[in-house]
file protein32.pdb (PDB, C-alpha atoms)
ATOM      1  CA  MET A  92      36.824 -17.730 -21.269
ATOM      2  CA  LYS A  93      35.280 -16.219 -24.375
ATOM      3  CA  PHE A  94      31.519 -16.409 -24.698
ATOM      4  CA  PRO A  95      29.590 -16.145 -27.984
ATOM      5  CA  LEU A  96      28.531 -12.724 -29.200
ATOM      6  CA  ARG A  97      24.943 -11.752 -28.443
ATOM      7  CA  GLY A  98      22.470 -12.512 -31.222
ATOM      8  CA  THR A  99      18.918 -11.346 -31.839
ATOM      9  CA  LEU A 100      16.424 -10.894 -29.019
ATOM     10  CA  LEU A 101      14.755 -14.148 -30.079
ATOM     11  CA  GLU A 102      18.064 -16.052 -29.987
ATOM     12  CA  ILE A 103      18.917 -14.626 -26.580
ATOM     13  CA  GLU A 104      15.516 -15.185 -25.013
ATOM     14  CA  GLU A 105      14.383 -18.413 -26.609
ATOM     15  CA  GLY A 106      17.580 -19.959 -27.962
ATOM     16  CA  ALA A 107      19.837 -22.742 -26.740
ATOM     17  CA  GLN A 108      23.166 -20.872 -26.925
ATOM     18  CA  LEU A 109      24.754 -19.328 -23.864
ATOM     19  CA  GLN A 110      25.182 -15.608 -24.699
ATOM     20  CA  PRO A 111      25.695 -13.896 -21.350
ATOM     21  CA  LYS A 112      25.542 -10.128 -21.149
ATOM     22  CA  PHE A 113      28.276  -8.438 -19.147
ATOM     23  CA  ASP A 114      27.565  -4.817 -18.262
ATOM     24  CA  GLU A 115      29.762  -1.806 -18.978
ATOM     25  CA  ARG A 116      32.024  -2.882 -16.110
ATOM     26  CA  GLY A 117      32.288  -6.399 -17.563
ATOM     27  CA  LEU A 118      30.119  -7.871 -14.803
ATOM     28  CA  ILE A 119      26.993 -10.010 -14.605
ATOM     29  CA  PRO A 120      24.983 -10.398 -11.363
ATOM     30  CA  CYS A 121      24.734 -13.862  -9.841
ATOM     31  CA  VAL A 122      22.138 -15.166  -7.370
ATOM     32  CA  THR A 123      23.268 -18.206  -5.376
ATOM     33  CA  GLN A 124      20.785 -20.670  -3.868
ATOM     34  CA  ASP A 125      21.249 -23.718  -1.676
ATOM     35  CA  ALA A 126      20.633 -26.617  -4.066
ATOM     36  CA  SER A 127      18.676 -28.613  -1.482
ATOM     37  CA  THR A 128      16.541 -26.001   0.265
ATOM     38  CA  LEU A 129      16.497 -23.343  -2.522
ATOM     39  CA  GLU A 130      17.195 -20.736   0.146
ATOM     40  CA  VAL A 131      18.920 -17.723  -1.428
ATOM     41  CA  LEU A 132      22.367 -17.555   0.144
ATOM     42  CA  MET A 133      23.940 -14.515  -1.485
ATOM     43  CA  VAL A 134      23.975 -12.230  -4.504
ATOM     44  CA  GLY A 135      27.309 -11.423  -6.088
ATOM     45  CA  VAL A 136      28.762 -10.502  -9.447
ATOM     46  CA  MET A 137      30.945 -12.361 -11.925
ATOM     47  CA  ASN A 138      33.192 -11.264 -14.736
ATOM     48  CA  ALA A 139      33.733 -13.531 -17.755
ATOM     49  CA  GLU A 140      36.689 -15.234 -16.076
ATOM     50  CA  ALA A 141      34.690 -15.998 -12.903
ATOM     51  CA  LEU A 142      31.763 -17.396 -14.908
ATOM     52  CA  GLY A 143      34.121 -19.459 -17.053
ATOM     53  CA  LEU A 144      35.931 -20.857 -13.996
ATOM     54  CA  THR A 145      32.620 -21.606 -12.267
ATOM     55  CA  LEU A 146      31.448 -23.571 -15.308
ATOM     56  CA  ALA A 147      34.786 -25.350 -15.752
ATOM     57  CA  THR A 148      35.589 -26.220 -12.119
ATOM     58  CA  ARG A 149      32.036 -26.474 -10.662
ATOM     59  CA  GLU A 150      33.186 -24.323  -7.750
ATOM     60  CA  ALA A 151      31.629 -20.871  -7.435
ATOM     61  CA  HIS A 152      33.893 -17.992  -8.462
ATOM     62  CA  TYR A 153      32.883 -14.337  -8.248
ATOM     63  CA  TRP A 154      34.397 -10.944  -8.895
ATOM     64  CA  SER A 155      35.108  -9.121  -5.659
ATOM     65  CA  ARG A 156      34.231  -5.471  -6.174
ATOM     66  CA  SER A 157      35.761  -4.408  -2.867
ATOM     67  CA  ARG A 158      39.068  -6.133  -3.577
ATOM     68  CA  GLN A 159      38.836  -5.754  -7.360
ATOM     69  CA  GLU A 160      39.969  -9.307  -7.924
ATOM     70  CA  LEU A 161      38.790 -12.750  -8.869
ATOM     71  CA  TRP A 162      37.376 -14.488  -5.819
ATOM     72  CA  ARG A 163      37.018 -18.211  -5.381
ATOM     73  CA  LYS A 164      34.334 -18.476  -2.706
ATOM     74  CA  GLY A 165      35.767 -20.221   0.360
ATOM     75  CA  GLU A 166      39.375 -19.393  -0.529
ATOM     76  CA  GLN A 167      39.901 -17.821   2.884
ATOM     77  CA  SER A 168      36.939 -19.099   4.916
ATOM     78  CA  GLY A 169      36.725 -22.667   3.663
ATOM     79  CA  LEU A 170      33.046 -22.035   2.879
ATOM     80  CA  VAL A 171      33.399 -23.446  -0.630
ATOM     81  CA  GLN A 172      30.327 -23.596  -2.891
ATOM     82  CA  HIS A 173      30.071 -26.753  -5.024
ATOM     83  CA  VAL A 174      27.969 -25.923  -8.072
ATOM     84  CA  GLU A 175      25.209 -28.370  -8.965
ATOM     85  CA  HIS A 176      23.283 -26.229 -11.457
ATOM     86  CA  VAL A 177      23.941 -23.039 -13.420
ATOM     87  CA  LEU A 178      20.847 -21.289 -14.789
ATOM     88  CA  ILE A 179      20.516 -18.116 -16.831
ATOM     89  CA  ASP A 180      17.556 -15.783 -17.147
ATOM     90  CA  ASP A 181      15.487 -14.830 -20.193
ATOM     91  CA  ASP A 182      17.640 -11.974 -21.470
ATOM     92  CA  GLN A 183      20.828 -13.666 -20.232
ATOM     93  CA  ASP A 184      21.919 -10.811 -18.014
ATOM     94  CA  CYS A 185      21.709 -12.686 -14.712
ATOM     95  CA  VAL A 186      23.158 -16.020 -13.548
ATOM     96  CA  LEU A 187      21.627 -18.333 -10.928
ATOM     97  CA  LEU A 188      23.759 -20.934  -9.143
ATOM     98  CA  ARG A 189      22.388 -23.838  -7.137
ATOM     99  CA  VAL A 190      25.165 -24.948  -4.815
ATOM    100  CA  ARG A 191      26.056 -27.311  -2.025
ATOM    101  CA  ILE A 192      27.898 -25.380   0.661
ATOM    102  CA  GLU A 193      30.828 -26.581   2.715
ATOM    103  CA  GLY A 194      30.845 -25.463   6.349
ATOM    104  CA  GLY A 195      27.084 -24.913   6.566
ATOM    105  CA  ALA A 196      27.254 -21.188   5.926
ATOM    106  CA  SER A 197      27.733 -18.665   3.183
ATOM    107  CA  CYS A 198      27.611 -15.224   4.792
ATOM    108  CA  HIS A 199      30.749 -13.485   6.071
ATOM    109  CA  VAL A 200      28.796 -12.182   9.094
ATOM    110  CA  GLY A 201      28.520 -15.789  10.286
ATOM    111  CA  TYR A 202      24.992 -16.683   9.228
ATOM    112  CA  ARG A 203      23.929 -19.403   6.810
ATOM    113  CA  SER A 204      22.432 -16.939   4.325
ATOM    114  CA  CYS A 205      23.257 -13.285   3.748
ATOM    115  CA  PHE A 206      19.482 -12.734   3.894
ATOM    116  CA  PHE A 207      19.165 -13.392   7.627
ATOM    117  CA  ARG A 208      16.839 -10.447   8.341
ATOM    118  CA  GLU A 209      13.261  -9.744   7.348
ATOM    119  CA  VAL A 210      11.724  -6.288   7.046
ATOM    120  CA  ALA A 211       8.806  -6.038   9.494
ATOM    121  CA  ARG A 212       6.255  -3.280   9.600
ATOM    122  CA  LEU A 213       5.896  -1.401  12.879
ATOM    123  CA  GLY A 214       2.244  -0.423  13.126
ATOM    124  CA  PRO A 215       0.199   1.203  10.359
ATOM    125  CA  GLY A 216       2.766   3.908   9.519
ATOM    126  CA  PRO A 217       5.844   3.861   7.297
ATOM    127  CA  ASP A 218       8.172   2.572  10.000
ATOM    128  CA  PHE A 219       9.992  -0.696   9.610
ATOM    129  CA  ALA A 220      12.416  -2.792  11.631
ATOM    130  CA  LEU A 221      14.477  -5.869  10.849
ATOM    131  CA  ASN A 222      13.684  -9.199  12.473
ATOM    132  CA  PHE A 223      16.417 -11.822  12.620
ATOM    133  CA  LEU A 224      15.343 -15.015  10.838
ATOM    134  CA  GLU A 225      18.460 -16.872  11.936
ATOM    135  CA  LYS A 226      18.768 -16.838  15.699
ATOM    136  CA  GLU A 227      22.345 -18.052  15.936
ATOM    137  CA  LYS A 228      25.439 -17.648  13.829
ATOM    138  CA  VAL A 229      26.826 -20.791  12.235
ATOM    139  CA  PHE A 230      30.414 -19.643  12.800
ATOM    140  CA  ASP A 231      32.342 -16.897  14.524
ATOM    141  CA  PRO A 232      33.749 -14.609  11.821
ATOM    142  CA  SER A 233      36.609 -13.489  14.084
ATOM    143  CA  LYS A 234      37.903 -17.050  14.111
ATOM    144  CA  VAL A 235      37.526 -17.530  10.370
ATOM    145  CA  TYR A 236      38.645 -14.222   8.927
ATOM    146  CA  GLN A 237      41.390 -11.777   9.737
ATOM    147  CA  THR A 238      39.647  -8.972  11.612
ATOM    148  CA  GLY A 239      40.343  -5.327  12.274
ATOM    149  CA  GLN A 240      40.712  -3.804  15.750
ATOM    150  CA  ASP A 241      36.955  -3.274  16.033
ATOM    151  CA  GLY A 242      36.281  -6.934  15.381
ATOM    152  CA  THR A 243      34.792  -6.391  11.929
ATOM    153  CA  PRO A 244      36.264  -8.352   9.055
ATOM    154  CA  LEU A 245      38.980  -6.651   7.057
ATOM    155  CA  VAL A 246      38.190  -5.659   3.500
ATOM    156  CA  LYS A 247      40.025  -8.794   2.404
ATOM    157  CA  SER A 248      37.246 -10.970   3.760
ATOM    158  CA  ARG A 249      34.238  -8.929   2.654
ATOM    159  CA  THR A 250      31.664 -10.350   0.300
ATOM    160  CA  PRO A 251      31.680  -9.097  -3.288
ATOM    161  CA  SER A 252      28.379  -7.316  -2.723
ATOM    162  CA  SER A 253      29.918  -5.011  -0.163
TER     163      SER A 253
ATOM    164  CA  MET B 118       9.555   7.003   0.875
ATOM    165  CA  LYS B 119      12.582   8.202   2.799
ATOM    166  CA  PHE B 120      14.756   5.557   4.370
ATOM    167  CA  PRO B 121      17.156   6.141   7.284
ATOM    168  CA  LEU B 122      20.716   7.226   6.523
ATOM    169  CA  ARG B 123      23.286   4.462   6.548
ATOM    170  CA  GLY B 124      25.111   4.005   9.866
ATOM    171  CA  THR B 125      28.280   2.149  10.781
ATOM    172  CA  LEU B 126      29.167  -1.190   9.224
ATOM    173  CA  LEU B 127      28.117  -2.904  12.443
ATOM    174  CA  GLU B 128      24.715  -1.153  12.435
ATOM    175  CA  ILE B 129      24.162  -2.031   8.788
ATOM    176  CA  GLU B 130      25.261  -5.655   9.047
ATOM    177  CA  GLU B 131      24.070  -6.641  12.491
ATOM    178  CA  GLY B 132      21.476  -4.021  13.387
ATOM    179  CA  ALA B 133      17.684  -4.005  13.360
ATOM    180  CA  GLN B 134      17.154  -0.812  11.339
ATOM    181  CA  LEU B 135      16.359  -0.907   7.642
ATOM    182  CA  GLN B 136      19.109   1.150   5.948
ATOM    183  CA  PRO B 137      18.983   0.153   2.281
ATOM    184  CA  LYS B 138      21.802   1.191  -0.029
ATOM    185  CA  PHE B 139      20.774   2.610  -3.377
ATOM    186  CA  ASP B 140      23.586   2.786  -5.922
ATOM    187  CA  GLU B 141      24.743   5.832  -7.870
ATOM    188  CA  ARG B 142      21.676   5.455 -10.114
ATOM    189  CA  GLY B 143      19.402   5.327  -7.047
ATOM    190  CA  LEU B 144      18.699   1.608  -7.544
ATOM    191  CA  ILE B 145      18.910  -1.532  -5.425
ATOM    192  CA  PRO B 146      18.765  -5.044  -6.962
ATOM    193  CA  CYS B 147      15.871  -7.279  -5.984
ATOM    194  CA  VAL B 148      15.649 -11.075  -6.226
ATOM    195  CA  THR B 149      12.095 -12.446  -6.284
ATOM    196  CA  GLN B 150      11.265 -15.991  -5.167
ATOM    197  CA  ASP B 151       8.035 -17.948  -5.167
ATOM    198  CA  ALA B 152       7.028 -17.986  -1.481
ATOM    199  CA  SER B 153       5.877 -21.618  -1.615
ATOM    200  CA  THR B 154       8.506 -23.334  -3.740
ATOM    201  CA  LEU B 155      11.389 -20.832  -3.223
ATOM    202  CA  GLU B 156      12.039 -21.005  -6.950
ATOM    203  CA  VAL B 157      13.748 -17.797  -8.106
ATOM    204  CA  LEU B 158      11.326 -16.116 -10.494
ATOM    205  CA  MET B 159      13.166 -12.983 -11.565
ATOM    206  CA  VAL B 160      15.786 -10.410 -10.669
ATOM    207  CA  GLY B 161      14.926  -6.745 -11.043
ATOM    208  CA  VAL B 162      15.838  -3.399  -9.547
ATOM    209  CA  MET B 163      13.975  -0.964  -7.315
ATOM    210  CA  ASN B 164      14.356   2.708  -6.597
ATOM    211  CA  ALA B 165      13.342   4.105  -3.206
ATOM    212  CA  GLU B 166       9.788   4.720  -4.417
ATOM    213  CA  ALA B 167       9.388   1.138  -5.673
ATOM    214  CA  LEU B 168      10.739  -0.320  -2.424
ATOM    215  CA  GLY B 169       8.506   1.979  -0.392
ATOM    216  CA  LEU B 170       5.416   1.052  -2.423
ATOM    217  CA  THR B 171       6.270  -2.647  -2.202
ATOM    218  CA  LEU B 172       6.495  -2.395   1.587
ATOM    219  CA  ALA B 173       3.348  -0.269   1.878
ATOM    220  CA  THR B 174       1.061  -2.106  -0.567
ATOM    221  CA  ARG B 175       2.499  -5.663  -0.367
ATOM    222  CA  GLU B 176       2.458  -5.792  -4.164
ATOM    223  CA  ALA B 177       5.844  -5.962  -5.903
ATOM    224  CA  HIS B 178       6.952  -2.720  -7.554
ATOM    225  CA  TYR B 179      10.168  -2.368  -9.528
ATOM    226  CA  TRP B 180      11.978   0.280 -11.526
ATOM    227  CA  SER B 181      11.856  -0.486 -15.240
ATOM    228  CA  ARG B 182      15.246   0.401 -16.713
ATOM    229  CA  SER B 183      14.053  -0.066 -20.286
ATOM    230  CA  ARG B 184      11.048   2.217 -19.814
ATOM    231  CA  GLN B 185      12.688   4.393 -17.151
ATOM    232  CA  GLU B 186       9.578   4.369 -15.015
ATOM    233  CA  LEU B 187       8.044   2.879 -11.913
ATOM    234  CA  TRP B 188       6.626  -0.540 -12.703
ATOM    235  CA  ARG B 189       3.935  -2.306 -10.716
ATOM    236  CA  LYS B 190       4.470  -5.938 -11.706
ATOM    237  CA  GLY B 191       1.346  -7.256 -13.426
ATOM    238  CA  GLU B 192       0.100  -3.800 -14.414
ATOM    239  CA  GLN B 193      -0.151  -4.862 -18.049
ATOM    240  CA  SER B 194      -0.004  -8.668 -17.855
ATOM    241  CA  GLY B 195      -2.095  -9.296 -14.764
ATOM    242  CA  LEU B 196       0.820 -11.347 -13.349
ATOM    243  CA  VAL B 197       0.693  -9.502 -10.027
ATOM    244  CA  GLN B 198       3.127 -10.499  -7.266
ATOM    245  CA  HIS B 199       1.661 -10.512  -3.756
ATOM    246  CA  VAL B 200       4.489  -9.998  -1.297
ATOM    247  CA  GLU B 201       4.621 -12.330   1.688
ATOM    248  CA  HIS B 202       8.134 -11.578   2.918
ATOM    249  CA  VAL B 203      10.738  -8.864   2.299
ATOM    250  CA  LEU B 204      14.308  -9.754   3.288
ATOM    251  CA  ILE B 205      17.492  -7.736   3.062
ATOM    252  CA  ASP B 206      21.075  -8.951   2.884
ATOM    253  CA  ASP B 207      23.981  -8.369   5.266
ATOM    254  CA  ASP B 208      25.219  -5.077   3.849
ATOM    255  CA  GLN B 209      21.692  -4.019   2.890
ATOM    256  CA  ASP B 210      22.428  -3.536  -0.789
ATOM    257  CA  CYS B 211      20.096  -6.257  -2.081
ATOM    258  CA  VAL B 212      16.411  -7.006  -1.455
ATOM    259  CA  LEU B 213      14.782 -10.437  -1.557
ATOM    260  CA  LEU B 214      11.020 -10.802  -2.048
ATOM    261  CA  ARG B 215       9.040 -13.957  -1.409
ATOM    262  CA  VAL B 216       5.822 -13.646  -3.377
ATOM    263  CA  ARG B 217       2.652 -15.411  -4.365
ATOM    264  CA  ILE B 218       2.107 -14.968  -8.091
ATOM    265  CA  GLU B 219      -1.177 -14.417  -9.865
ATOM    266  CA  GLY B 220      -1.552 -16.157 -13.223
ATOM    267  CA  GLY B 221       1.028 -18.862 -12.479
ATOM    268  CA  ALA B 222       3.884 -17.119 -14.255
ATOM    269  CA  SER B 223       6.346 -14.313 -13.834
ATOM    270  CA  CYS B 224       8.440 -14.189 -17.003
ATOM    271  CA  HIS B 225       7.435 -12.042 -19.993
ATOM    272  CA  VAL B 226       8.590 -14.819 -22.368
ATOM    273  CA  GLY B 227       5.715 -16.937 -21.046
ATOM    274  CA  TYR B 228       7.485 -19.217 -18.589
ATOM    275  CA  ARG B 229       6.881 -19.490 -14.870
ATOM    276  CA  SER B 230      10.391 -18.313 -13.978
ATOM    277  CA  CYS B 231      12.783 -16.126 -15.954
ATOM    278  CA  PHE B 232      15.379 -18.823 -15.166
ATOM    279  CA  PHE B 233      13.879 -21.460 -17.449
ATOM    280  CA  ARG B 234      17.196 -22.605 -18.964
ATOM    281  CA  GLU B 235      20.169 -24.429 -17.487
ATOM    282  CA  VAL B 236      23.719 -24.225 -18.779
ATOM    283  CA  ALA B 237      24.847 -27.713 -19.797
ATOM    284  CA  ARG B 238      28.369 -28.721 -20.692
ATOM    285  CA  LEU B 239      28.903 -30.277 -24.112
ATOM    286  CA  GLY B 240      31.726 -32.767 -23.712
ATOM    287  CA  PRO B 241      35.021 -32.111 -21.903
ATOM    288  CA  GLY B 242      35.786 -28.837 -23.697
ATOM    289  CA  PRO B 243      34.634 -25.275 -23.028
ATOM    290  CA  ASP B 244      31.423 -25.576 -25.022
ATOM    291  CA  PHE B 245      28.051 -25.092 -23.408
ATOM    292  CA  ALA B 246      24.421 -25.196 -24.461
ATOM    293  CA  LEU B 247      21.174 -24.263 -22.748
ATOM    294  CA  ASN B 248      18.662 -26.922 -21.755
ATOM    295  CA  PHE B 249      15.069 -25.878 -21.202
ATOM    296  CA  LEU B 250      13.928 -26.702 -17.658
ATOM    297  CA  GLU B 251      10.340 -25.674 -18.403
ATOM    298  CA  LYS B 252       8.984 -27.625 -21.339
ATOM    299  CA  GLU B 253       5.872 -25.554 -21.942
ATOM    300  CA  LYS B 254       5.018 -21.903 -21.601
ATOM    301  CA  VAL B 255       2.391 -21.011 -19.027
ATOM    302  CA  PHE B 256       0.931 -18.317 -21.278
ATOM    303  CA  ASP B 257       1.249 -16.981 -24.799
ATOM    304  CA  PRO B 258       2.978 -13.585 -24.586
ATOM    305  CA  SER B 259       1.378 -12.438 -27.853
ATOM    306  CA  LYS B 260      -2.015 -12.687 -26.204
ATOM    307  CA  VAL B 261      -0.945 -10.931 -23.032
ATOM    308  CA  TYR B 262       1.325  -8.171 -24.272
ATOM    309  CA  GLN B 263       1.243  -5.813 -27.213
ATOM    310  CA  THR B 264       3.714  -7.287 -29.678
ATOM    311  CA  GLY B 265       5.772  -5.986 -32.562
ATOM    312  CA  GLN B 266       5.540  -7.246 -36.143
ATOM    313  CA  ASP B 267       8.075 -10.003 -35.457
ATOM    314  CA  GLY B 268       6.023 -11.331 -32.571
ATOM    315  CA  THR B 269       8.435 -10.210 -29.856
ATOM    316  CA  PRO B 270       7.030  -8.088 -27.064
ATOM    317  CA  LEU B 271       7.333  -4.355 -27.473
ATOM    318  CA  VAL B 272       9.680  -2.502 -25.145
ATOM    319  CA  LYS B 273       6.637  -1.540 -23.076
ATOM    320  CA  SER B 274       6.243  -5.092 -21.879
ATOM    321  CA  ARG B 275       9.891  -6.002 -21.284
ATOM    322  CA  THR B 276      11.140  -6.987 -17.867
ATOM    323  CA  PRO B 277      13.146  -4.421 -15.937
ATOM    324  CA  SER B 278      16.296  -6.501 -16.299
ATOM    325  CA  SER B 279      16.301  -6.123 -20.048
TER     326      SER B 279
END
call {"tool": "encode", "arguments": {"input": "protein32.pdb", "output": "structure tokens"}}
result
Amino acid sequence: MKFPLRGTLLEIEEGAQLQPKFDERGLIPCVTQDASTLEVLMVGVMNAEALGLTLATREAHYWSRSRQELWRKGEQSGLVQHVEHVLIDDDQDCVLLRVRIEGGASCHVGYRSCFFREVARLGPGPDFALNFLEKEKVFDPSKVYQTGQDGTPLVKSRTPSS
Amino acid sequence: MKFPLRGTLLEIEEGAQLQPKFDERGLIPCVTQDASTLEVLMVGVMNAEALGLTLATREAHYWSRSRQELWRKGEQSGLVQHVEHVLIDDDQDCVLLRVRIEGGASCHVGYRSCFFREVARLGPGPDFALNFLEKEKVFDPSKVYQTGQDGTPLVKSRTPSS
């Protein structure tokens, strides 16, 4: 899909025309939230084709940087994201999706959200640890994805942010 | 601040040690949500210093790409972000802040969120327009920031994503 050329700063920031900015690699970052809870599920990137397909089909498409290919979310896992809202930020260099997820999860590790850990301070010093916010996985990745000998998902099933 | 070296994929994705990945420019993207409503307010980037200061001071710090300098959010505008939670994603290459905002807004254009517009389809074809989700600005940028002759904020007051 072809998007309009970028106009003046005022048009971009305060106008009503979609003028997305793709970076030097042809990519725009995309934050994806659960449409009901507003929990942030993942952050990926899109190229123009992925954004166009997302807008046209209302199913989230990303660009997989690890596989260097268009990626329809849920293609392999079944964890499809049905798009309810597409927002864009002030300078139109970041997309925000609000989605309804199939399968109750979005993260390839097996959790609902990719952001399943919080940074916690250990005492007064500069030491930090990660606390798990989700206590149990929603699914077992080894049953959903092809896995390597060590049990970790193959590159084929990695998220685009990896 | 120095962060631990990155370990194995399993340590990064399922471990309890903070091992953030900074890209070739030394930056990590950061999504910032309102801690109460979970509305996404902005997406910026951090370098190691900004992430360290955010963790140490509990006030959001970013790296301003337009100004190429450390940026304590609210330094000029007073729209300080008090950090309640810091989350990290599965492969630890994206940070998520949940913040309480001072001044009721986060976007330099004057809106609460930088994502104040939704992409709306115009008919069955591939044409789209932007609908404003926020009807009124929270503040007048010209009164908060130094502005240029055309009324747009000077580079000094731009968001880091611009």
call {"tool": "axis_aligned_box", "arguments": {"input": "protein32.pdb", "around": "region 122-126 of chain B", "padding_each_side": "3 Å", "output": "AutoDock Vina command-line options"}}
result
--center_x 24.9 --center_y 3.0 --center_z 8.7 --size_x 14.5 --size_y 14.4 --size_z 10.3
call {"tool": "closest_residue", "arguments": {"input": "protein32.pdb", "among": "A:Thr148, A:Gln108, A:Thr99, A:Gln167", "to": "Ala237 (chain B)", "atoms": "only C-alpha atoms"}}
result
A:Gln108
call {"tool": "interface_residues", "arguments": {"input": "protein32.pdb", "of": "chain B", "to": "chain A", "cutoff": "8 Å", "atoms": "only C-alpha atoms", "output": "JSON, numbers by chain"}}
result
{"B": [127, 130, 132, 133, 134, 135, 148, 155, 156, 159, 160, 173, 202, 203, 204, 205, 206, 207, 208, 210, 211, 213, 224, 226, 231, 232, 233, 234, 235, 236, 237, 243, 245, 246, 247, 248, 249, 269, 278, 279]}
call {"tool": "write_last_selection", "arguments": {"input": "protein32.pdb", "atoms": "C-alpha atoms", "output": "PDB file, in the coordinates of the input"}}
result
ATOM      1  CA  LEU B 127      28.117  -2.904  12.443  1.00  0.00           C
ATOM      2  CA  GLU B 130      25.261  -5.655   9.047  1.00  0.00           C
ATOM      3  CA  GLY B 132      21.476  -4.021  13.387  1.00  0.00           C
ATOM      4  CA  ALA B 133      17.684  -4.005  13.360  1.00  0.00           C
ATOM      5  CA  GLN B 134      17.154  -0.812  11.339  1.00  0.00           C
ATOM      6  CA  LEU B 135      16.359  -0.907   7.642  1.00  0.00           C
ATOM      7  CA  VAL B 148      15.649 -11.075  -6.226  1.00  0.00           C
ATOM      8  CA  LEU B 155      11.389 -20.832  -3.223  1.00  0.00           C
ATOM      9  CA  GLU B 156      12.039 -21.005  -6.950  1.00  0.00           C
ATOM     10  CA  MET B 159      13.166 -12.983 -11.565  1.00  0.00           C
ATOM     11  CA  VAL B 160      15.786 -10.410 -10.669  1.00  0.00           C
ATOM     12  CA  ALA B 173       3.348  -0.269   1.878  1.00  0.00           C
ATOM     13  CA  HIS B 202       8.134 -11.578   2.918  1.00  0.00           C
ATOM     14  CA  VAL B 203      10.738  -8.864   2.299  1.00  0.00           C
ATOM     15  CA  LEU B 204      14.308  -9.754   3.288  1.00  0.00           C
ATOM     16  CA  ILE B 205      17.492  -7.736   3.062  1.00  0.00           C
ATOM     17  CA  ASP B 206      21.075  -8.951   2.884  1.00  0.00           C
ATOM     18  CA  ASP B 207      23.981  -8.369   5.266  1.00  0.00           C
ATOM     19  CA  ASP B 208      25.219  -5.077   3.849  1.00  0.00           C
ATOM     20  CA  ASP B 210      22.428  -3.536  -0.789  1.00  0.00           C
ATOM     21  CA  CYS B 211      20.096  -6.257  -2.081  1.00  0.00           C
ATOM     22  CA  LEU B 213      14.782 -10.437  -1.557  1.00  0.00           C
ATOM     23  CA  CYS B 224       8.440 -14.189 -17.003  1.00  0.00           C
ATOM     24  CA  VAL B 226       8.590 -14.819 -22.368  1.00  0.00           C
ATOM     25  CA  CYS B 231      12.783 -16.126 -15.954  1.00  0.00           C
ATOM     26  CA  PHE B 232      15.379 -18.823 -15.166  1.00  0.00           C
ATOM     27  CA  PHE B 233      13.879 -21.460 -17.449  1.00  0.00           C
ATOM     28  CA  ARG B 234      17.196 -22.605 -18.964  1.00  0.00           C
ATOM     29  CA  GLU B 235      20.169 -24.429 -17.487  1.00  0.00           C
ATOM     30  CA  VAL B 236      23.719 -24.225 -18.779  1.00  0.00           C
ATOM     31  CA  ALA B 237      24.847 -27.713 -19.797  1.00  0.00           C
ATOM     32  CA  PRO B 243      34.634 -25.275 -23.028  1.00  0.00           C
ATOM     33  CA  PHE B 245      28.051 -25.092 -23.408  1.00  0.00           C
ATOM     34  CA  ALA B 246      24.421 -25.196 -24.461  1.00  0.00           C
ATOM     35  CA  LEU B 247      21.174 -24.263 -22.748  1.00  0.00           C
ATOM     36  CA  ASN B 248      18.662 -26.922 -21.755  1.00  0.00           C
ATOM     37  CA  PHE B 249      15.069 -25.878 -21.202  1.00  0.00           C
ATOM     38  CA  THR B 269       8.435 -10.210 -29.856  1.00  0.00           C
ATOM     39  CA  SER B 278      16.296  -6.501 -16.299  1.00  0.00           C
ATOM     40  CA  SER B 279      16.301  -6.123 -20.048  1.00  0.00           C
TER      41      SER B 279
END
call {"tool": "resolve_selection", "arguments": {"input": "protein32.pdb", "expression": "the PyMOL selection byres ((chain B and resi 186) around 12)", "output": "PDB file with C-alpha atoms, in the frame of the given file"}}
result
ATOM      1  CA  VAL B 162      15.838  -3.399  -9.547  1.00  0.00           C
ATOM      2  CA  MET B 163      13.975  -0.964  -7.315  1.00  0.00           C
ATOM      3  CA  ASN B 164      14.356   2.708  -6.597  1.00  0.00           C
ATOM      4  CA  GLU B 166       9.788   4.720  -4.417  1.00  0.00           C
ATOM      5  CA  ALA B 167       9.388   1.138  -5.673  1.00  0.00           C
ATOM      6  CA  HIS B 178       6.952  -2.720  -7.554  1.00  0.00           C
ATOM      7  CA  TYR B 179      10.168  -2.368  -9.528  1.00  0.00           C
ATOM      8  CA  TRP B 180      11.978   0.280 -11.526  1.00  0.00           C
ATOM      9  CA  SER B 181      11.856  -0.486 -15.240  1.00  0.00           C
ATOM     10  CA  ARG B 182      15.246   0.401 -16.713  1.00  0.00           C
ATOM     11  CA  SER B 183      14.053  -0.066 -20.286  1.00  0.00           C
ATOM     12  CA  ARG B 184      11.048   2.217 -19.814  1.00  0.00           C
ATOM     13  CA  GLN B 185      12.688   4.393 -17.151  1.00  0.00           C
ATOM     14  CA  LEU B 187       8.044   2.879 -11.913  1.00  0.00           C
ATOM     15  CA  TRP B 188       6.626  -0.540 -12.703  1.00  0.00           C
ATOM     16  CA  ARG B 189       3.935  -2.306 -10.716  1.00  0.00           C
ATOM     17  CA  LYS B 190       4.470  -5.938 -11.706  1.00  0.00           C
ATOM     18  CA  LYS B 273       6.637  -1.540 -23.076  1.00  0.00           C
ATOM     19  CA  THR B 276      11.140  -6.987 -17.867  1.00  0.00           C
ATOM     20  CA  PRO B 277      13.146  -4.421 -15.937  1.00  0.00           C
TER      21      PRO B 277
END
call {"tool": "atom_distance", "arguments": {"input": "protein32.pdb", "atom1": "CA of Arg97 (chain A)", "atom2": "CA of Lys112 (chain A)"}}
result
7.5 Å
call {"tool": "resolve_selection", "arguments": {"input": "protein32.pdb", "expression": "the PyMOL selection byres ((chain B and resi 199) around 8)", "output": "ChimeraX atom specification"}}
result
/B:175-177,197-198,200-201,216-219
call {"tool": "atom_distance", "arguments": {"input": "protein32.pdb", "atom1": "CA of Pro137 (chain B)", "atom2": "CA of Leu196 (chain B)"}}
result
26.6 Å
call {"tool": "atom_distance", "arguments": {"input": "protein32.pdb", "atom1": "CA of Ala139 (chain A)", "atom2": "CA of Ile119 (chain A)"}}
result
8.2 Å
